Amino acid sequence: MKTIISSILILVLSFVGSAQVETPQPSPSSKLEQKVGLTDVTIEYSRPSMRGRTIFGDLVPYGKLWRFGANKNTVISFSEDVVIDGYDVKAGSYAIFAIPNAESWEIIFYSDTQNWGTPANWDDAKVAARVTAKTHDIPFDVETFTLDINNLSNDGATIDVIWEKTYLGVPFEVPTDKAVTASINKIMNGPGANDYFSAAVYYLQAGKDINQAKEWIDKAITMAGDKAPFWQLRQQSLIYAKAGDKQGAIAAAKKSLSAAEKAGNADYVKMNKDSLKEWGAI
């Protein structure tokens with residue numbers, strides 16, 4: 001009996017010892033996701049609050065590098081290349097830092113995002129963009145540090161900063177017109193060789209209309225011309241064989257075999273020889 005009681009006490013004490021009190025974070029984390037044109041933009045940051053304190057010029061001194069929030073770096077991510085105040089910024093993730101002043105701020109986009117606060121050793125080579133943004137007074141206090149993406153258009157938006165009685169916006173441009181124009185031109189010009197090839201192989205593998213697959217693979221090979229690769233010619237031979245055109249299959253397999261031998265691809269050499277043997281060509 002004593003052993004059972006002792007075991008129960010050990011379990012209870014272990015549970016009490018491992019239990020932790022969960023409390024709210026002083027600067028809770030936030031994640032903002034916004035599509036701008038065709039570009040995905042994400043901001044992850046921590047949000048400190050005023051709590052009766054004077055922020056800019058006091059808690060956040062003027063003229064000094066600030067972490068732009070609290071805790072780990074504030075990080076912005078772009079799915080496509082963007083332009084920020086004339087700087088070409090590649091797709092990827094960047095830490096944002098700031099040097100606040102009374103009438104304007106410097107906003108810095110930094111390629112190293114793995115810092116807690118500001119970097120211990122600043123590296124100018126990691127600065128992707130450094131822009132100046134004018135501050136604007138707002139007629140009421142905003143208690144909690146707030147970032148947002150506003151003024152949305154097909155071609156850009158602004159990263160908005162709002163805290164205490166201060167607002168500023170950093171505009172950026174996205175390559176929507178370039179992407180849409182390329183897409184329109186591709187569609188208007190009709191499918192490419194790879195599109196026809198992919199569709200034909202899918203129809204072959206899915207057991208769909210083999211005559212349609214034959215039409216598409218012929219278009220793909222015709223568009224490729226003399227540069228048709230051995231793997232496409234191989235699929236053409238298989239589609240012809242499935243369609244009952246043995247002579248066409250043999251002709252395509254011979255072309256694939258020749259191209260595979262030139263490329264030194266032993267796998268395709270063997271596959272083509274096996275098929276030609278099966279079809280009575282060798």
# chains A, B, ... in the order shown; residues from 1 in each chain; ligands from 1

$ select_by_dssp --residues "stretch 49-258 of chain A" --states "strand (DSSP E or B)" --output "NGL selection string"
:A and (49 or 56 or 60 or 66 or 72 or 74-78 or 82-84 or 87-89 or 92-100 or 104-110 or 116 or 127-134 or 136-153 or 156-173)

$ closest_atom_pairs --of "stretch 46-107 of chain A" --to "stretch 120-128 of chain A" --cutoff "12 Å" --atoms "only C-alpha atoms" --output "tab-separated table"
residue	atom	partner	partner_atom	distance
A:Leu65	CA	A:Trp122	CA	10.5
A:Arg67	CA	A:Ala120	CA	11.8
A:Asp81	CA	A:Ala128	CA	11.7
A:Val82	CA	A:Ala128	CA	11.0
A:Val83	CA	A:Ala128	CA	10.4
A:Ile84	CA	A:Ala128	CA	9.4
A:Asp85	CA	A:Ala128	CA	11.3
A:Gly86	CA	A:Ala128	CA	11.1
A:Tyr87	CA	A:Ala128	CA	7.5
A:Asp88	CA	A:Ala128	CA	7.9
A:Val89	CA	A:Ala128	CA	6.2
A:Lys90	CA	A:Ala128	CA	8.4
A:Ala91	CA	A:Ala128	CA	11.0
A:Gly92	CA	A:Ala128	CA	10.8
A:Ser93	CA	A:Ala128	CA	10.5
A:Tyr94	CA	A:Ala128	CA	8.2
A:Ala95	CA	A:Val127	CA	9.6
A:Ile96	CA	A:Val127	CA	9.9
A:Phe97	CA	A:Val127	CA	10.2
A:Ile107	CA	A:Val127	CA	10.5

$ write_last_selection --atoms "N, CA and C atoms" --output "tab-separated table (two decimals), in the first residue's frame"
chain	number	residue	atom	x	y	z
A	65	LEU	N	19.93	53.13	-35.14
A	65	LEU	CA	19.34	51.97	-35.79
A	65	LEU	C	18.38	51.27	-34.83
A	67	ARG	N	15.35	48.09	-34.38
A	67	ARG	CA	15.01	46.76	-34.88
A	67	ARG	C	13.68	46.72	-35.63
A	81	ASP	N	10.62	39.43	-57.90
A	81	ASP	CA	11.49	40.61	-57.81
A	81	ASP	C	10.61	41.86	-57.72
A	82	VAL	N	11.03	42.83	-56.90
A	82	VAL	CA	10.29	44.08	-56.76
A	82	VAL	C	11.26	45.25	-56.88
A	83	VAL	N	10.69	46.44	-56.96
A	83	VAL	CA	11.49	47.67	-56.99
A	83	VAL	C	11.05	48.53	-55.82
A	84	ILE	N	12.01	48.90	-54.97
A	84	ILE	CA	11.72	49.76	-53.81
A	84	ILE	C	12.52	51.04	-53.96
A	85	ASP	N	11.82	52.13	-54.27
A	85	ASP	CA	12.45	53.45	-54.43
A	85	ASP	C	13.66	53.38	-55.37
A	86	GLY	N	13.49	52.70	-56.49
A	86	GLY	CA	14.56	52.61	-57.48
A	86	GLY	C	15.53	51.48	-57.29
A	87	TYR	N	15.46	50.79	-56.15
A	87	TYR	CA	16.34	49.64	-55.89
A	87	TYR	C	15.68	48.36	-56.41
A	88	ASP	N	16.41	47.60	-57.20
A	88	ASP	CA	15.93	46.29	-57.65
A	88	ASP	C	16.18	45.28	-56.54
A	89	VAL	N	15.10	44.77	-55.97
A	89	VAL	CA	15.19	43.83	-54.85
A	89	VAL	C	14.72	42.47	-55.32
A	90	LYS	N	15.58	41.48	-55.22
A	90	LYS	CA	15.27	40.14	-55.70
A	90	LYS	C	14.22	39.46	-54.82
A	91	ALA	N	13.49	38.54	-55.42
A	91	ALA	CA	12.54	37.74	-54.65
A	91	ALA	C	13.26	37.07	-53.49
A	92	GLY	N	12.60	37.02	-52.33
A	92	GLY	CA	13.22	36.43	-51.15
A	92	GLY	C	12.76	37.14	-49.89
A	93	SER	N	13.48	36.91	-48.80
A	93	SER	CA	13.12	37.46	-47.50
A	93	SER	C	14.17	38.45	-47.02
A	94	TYR	N	13.70	39.51	-46.37
A	94	TYR	CA	14.59	40.58	-45.90
A	94	TYR	C	14.16	41.05	-44.51
A	95	ALA	N	15.14	41.27	-43.65
A	95	ALA	CA	14.86	41.94	-42.39
A	95	ALA	C	14.68	43.43	-42.67
A	96	ILE	N	13.78	44.07	-41.91
A	96	ILE	CA	13.59	45.51	-42.04
A	96	ILE	C	14.12	46.18	-40.78
A	97	PHE	N	14.98	47.18	-40.97
A	97	PHE	CA	15.45	48.02	-39.87
A	97	PHE	C	15.12	49.47	-40.20
A	107	ILE	N	14.58	53.60	-43.98
A	107	ILE	CA	14.11	52.22	-43.89
A	107	ILE	C	15.10	51.35	-44.66

$ closest_residue --among "A:Gly244, A:Gly69, A:Gly207, A:Gly225" --to "A:Ile55" --atoms "only C-alpha atoms"
A:Gly69

$ closest_residue --among "A:Thr144, A:Asn151, A:Thr181, A:Asn211" --to "A:Ser49" --atoms "only C-alpha atoms"
A:Thr144

$ residues_around --residues "A:Pro100" --least-positions-apart "2" --cutoff "10 Å" --atoms "only C-alpha atoms" --output "PyMOL selection string"
chain A and resi 56-57+60-66+68+97-98+102-107+132-133+135

$ select_by_dssp --residues "stretch 11-137 of chain A" --states "helix (DSSP H, G or I)" --output "PyMOL selection string"
chain A and resi 11-18+124-126

$ atom_distance --atom1 "atom CA of A:Thr146" --atom2 "atom CA of A:Asn115"
20.5 Å

$ closest_residue --among "A:Ala129, A:Ala157, A:Ile239, A:Met50" --to "A:Lys208" --atoms "only C-alpha atoms"
A:Ile239

$ residues_around --residues "stretch 33-35 of chain A" --least-positions-apart "4" --cutoff "10 Å" --atoms "only C-alpha atoms" --output "ChimeraX atom specification"
/A:39-44,76-79,148-150,152,154,156-157

$ write_last_selection --atoms "N, CA and C atoms" --output "PDB file, in the first residue's frame"
ATOM      1  N   THR A  39       2.119  39.243 -57.116  1.00  0.00           N
ATOM      2  CA  THR A  39       3.220  39.001 -56.185  1.00  0.00           C
ATOM      3  C   THR A  39       2.691  38.784 -54.775  1.00  0.00           C
ATOM      4  N   ASP A  40       3.142  37.710 -54.122  1.00  0.00           N
ATOM      5  CA  ASP A  40       2.771  37.447 -52.726  1.00  0.00           C
ATOM      6  C   ASP A  40       3.755  38.166 -51.811  1.00  0.00           C
ATOM      7  N   VAL A  41       3.208  38.960 -50.887  1.00  0.00           N
ATOM      8  CA  VAL A  41       4.029  39.698 -49.924  1.00  0.00           C
ATOM      9  C   VAL A  41       3.613  39.269 -48.517  1.00  0.00           C
ATOM     10  N   THR A  42       4.591  38.908 -47.706  1.00  0.00           N
ATOM     11  CA  THR A  42       4.328  38.478 -46.331  1.00  0.00           C
ATOM     12  C   THR A  42       5.209  39.277 -45.379  1.00  0.00           C
ATOM     13  N   ILE A  43       4.612  39.737 -44.285  1.00  0.00           N
ATOM     14  CA  ILE A  43       5.380  40.421 -43.229  1.00  0.00           C
ATOM     15  C   ILE A  43       5.141  39.675 -41.924  1.00  0.00           C
ATOM     16  N   GLU A  44       6.221  39.290 -41.245  1.00  0.00           N
ATOM     17  CA  GLU A  44       6.137  38.663 -39.930  1.00  0.00           C
ATOM     18  C   GLU A  44       6.893  39.545 -38.937  1.00  0.00           C
ATOM     19  N   ILE A  76      10.179  40.723 -44.140  1.00  0.00           N
ATOM     20  CA  ILE A  76       9.261  40.838 -45.271  1.00  0.00           C
ATOM     21  C   ILE A  76       9.741  39.912 -46.379  1.00  0.00           C
ATOM     22  N   SER A  77       8.789  39.239 -47.034  1.00  0.00           N
ATOM     23  CA  SER A  77       9.122  38.290 -48.100  1.00  0.00           C
ATOM     24  C   SER A  77       8.359  38.648 -49.364  1.00  0.00           C
ATOM     25  N   PHE A  78       9.045  38.583 -50.498  1.00  0.00           N
ATOM     26  CA  PHE A  78       8.448  38.843 -51.806  1.00  0.00           C
ATOM     27  C   PHE A  78       8.589  37.584 -52.659  1.00  0.00           C
ATOM     28  N   SER A  79       7.499  37.175 -53.318  1.00  0.00           N
ATOM     29  CA  SER A  79       7.564  35.990 -54.173  1.00  0.00           C
ATOM     30  C   SER A  79       8.172  36.298 -55.538  1.00  0.00           C
ATOM     31  N   ASP A 148       1.266  47.513 -42.205  1.00  0.00           N
ATOM     32  CA  ASP A 148       0.181  47.135 -43.105  1.00  0.00           C
ATOM     33  C   ASP A 148       0.645  47.319 -44.548  1.00  0.00           C
ATOM     34  N   ILE A 149      -0.086  46.754 -45.471  1.00  0.00           N
ATOM     35  CA  ILE A 149       0.180  46.942 -46.900  1.00  0.00           C
ATOM     36  C   ILE A 149      -1.066  47.569 -47.507  1.00  0.00           C
ATOM     37  N   ASN A 150      -0.931  48.798 -47.973  1.00  0.00           N
ATOM     38  CA  ASN A 150      -2.080  49.560 -48.448  1.00  0.00           C
ATOM     39  C   ASN A 150      -1.799  50.187 -49.812  1.00  0.00           C
ATOM     40  N   LEU A 152      -3.162  49.575 -52.643  1.00  0.00           N
ATOM     41  CA  LEU A 152      -2.943  48.481 -53.582  1.00  0.00           C
ATOM     42  C   LEU A 152      -3.319  48.867 -54.999  1.00  0.00           C
ATOM     43  N   ASN A 154      -2.439  47.217 -59.334  1.00  0.00           N
ATOM     44  CA  ASN A 154      -1.852  46.093 -60.058  1.00  0.00           C
ATOM     45  C   ASN A 154      -0.334  46.137 -60.044  1.00  0.00           C
ATOM     46  N   GLY A 156       1.741  47.907 -57.657  1.00  0.00           N
ATOM     47  CA  GLY A 156       2.480  48.186 -56.441  1.00  0.00           C
ATOM     48  C   GLY A 156       1.589  48.457 -55.248  1.00  0.00           C
ATOM     49  N   ALA A 157       2.220  48.893 -54.166  1.00  0.00           N
ATOM     50  CA  ALA A 157       1.512  49.176 -52.924  1.00  0.00           C
ATOM     51  C   ALA A 157       2.463  49.954 -52.017  1.00  0.00           C
TER      52      ALA A 157
END

$ closest_residue --among "A:Thr166, A:Ser46, A:Asn71, A:Ser111" --to "A:Lys134" --atoms "only C-alpha atoms"
A:Thr166

$ atom_distance --atom1 "atom CA of A:Asp245" --atom2 "atom CA of A:Gln205"
17.4 Å

$ atom_distance --atom1 "atom CA of A:Ala220" --atom2 "atom CA of A:Trp279"
23.7 Å

$ residues_around --residues "A:Trp216" --least-positions-apart "5" --cutoff "7 Å" --atoms "only C-alpha atoms" --output "list in words"
Tyr196, Phe197 and Ala200 of chain A
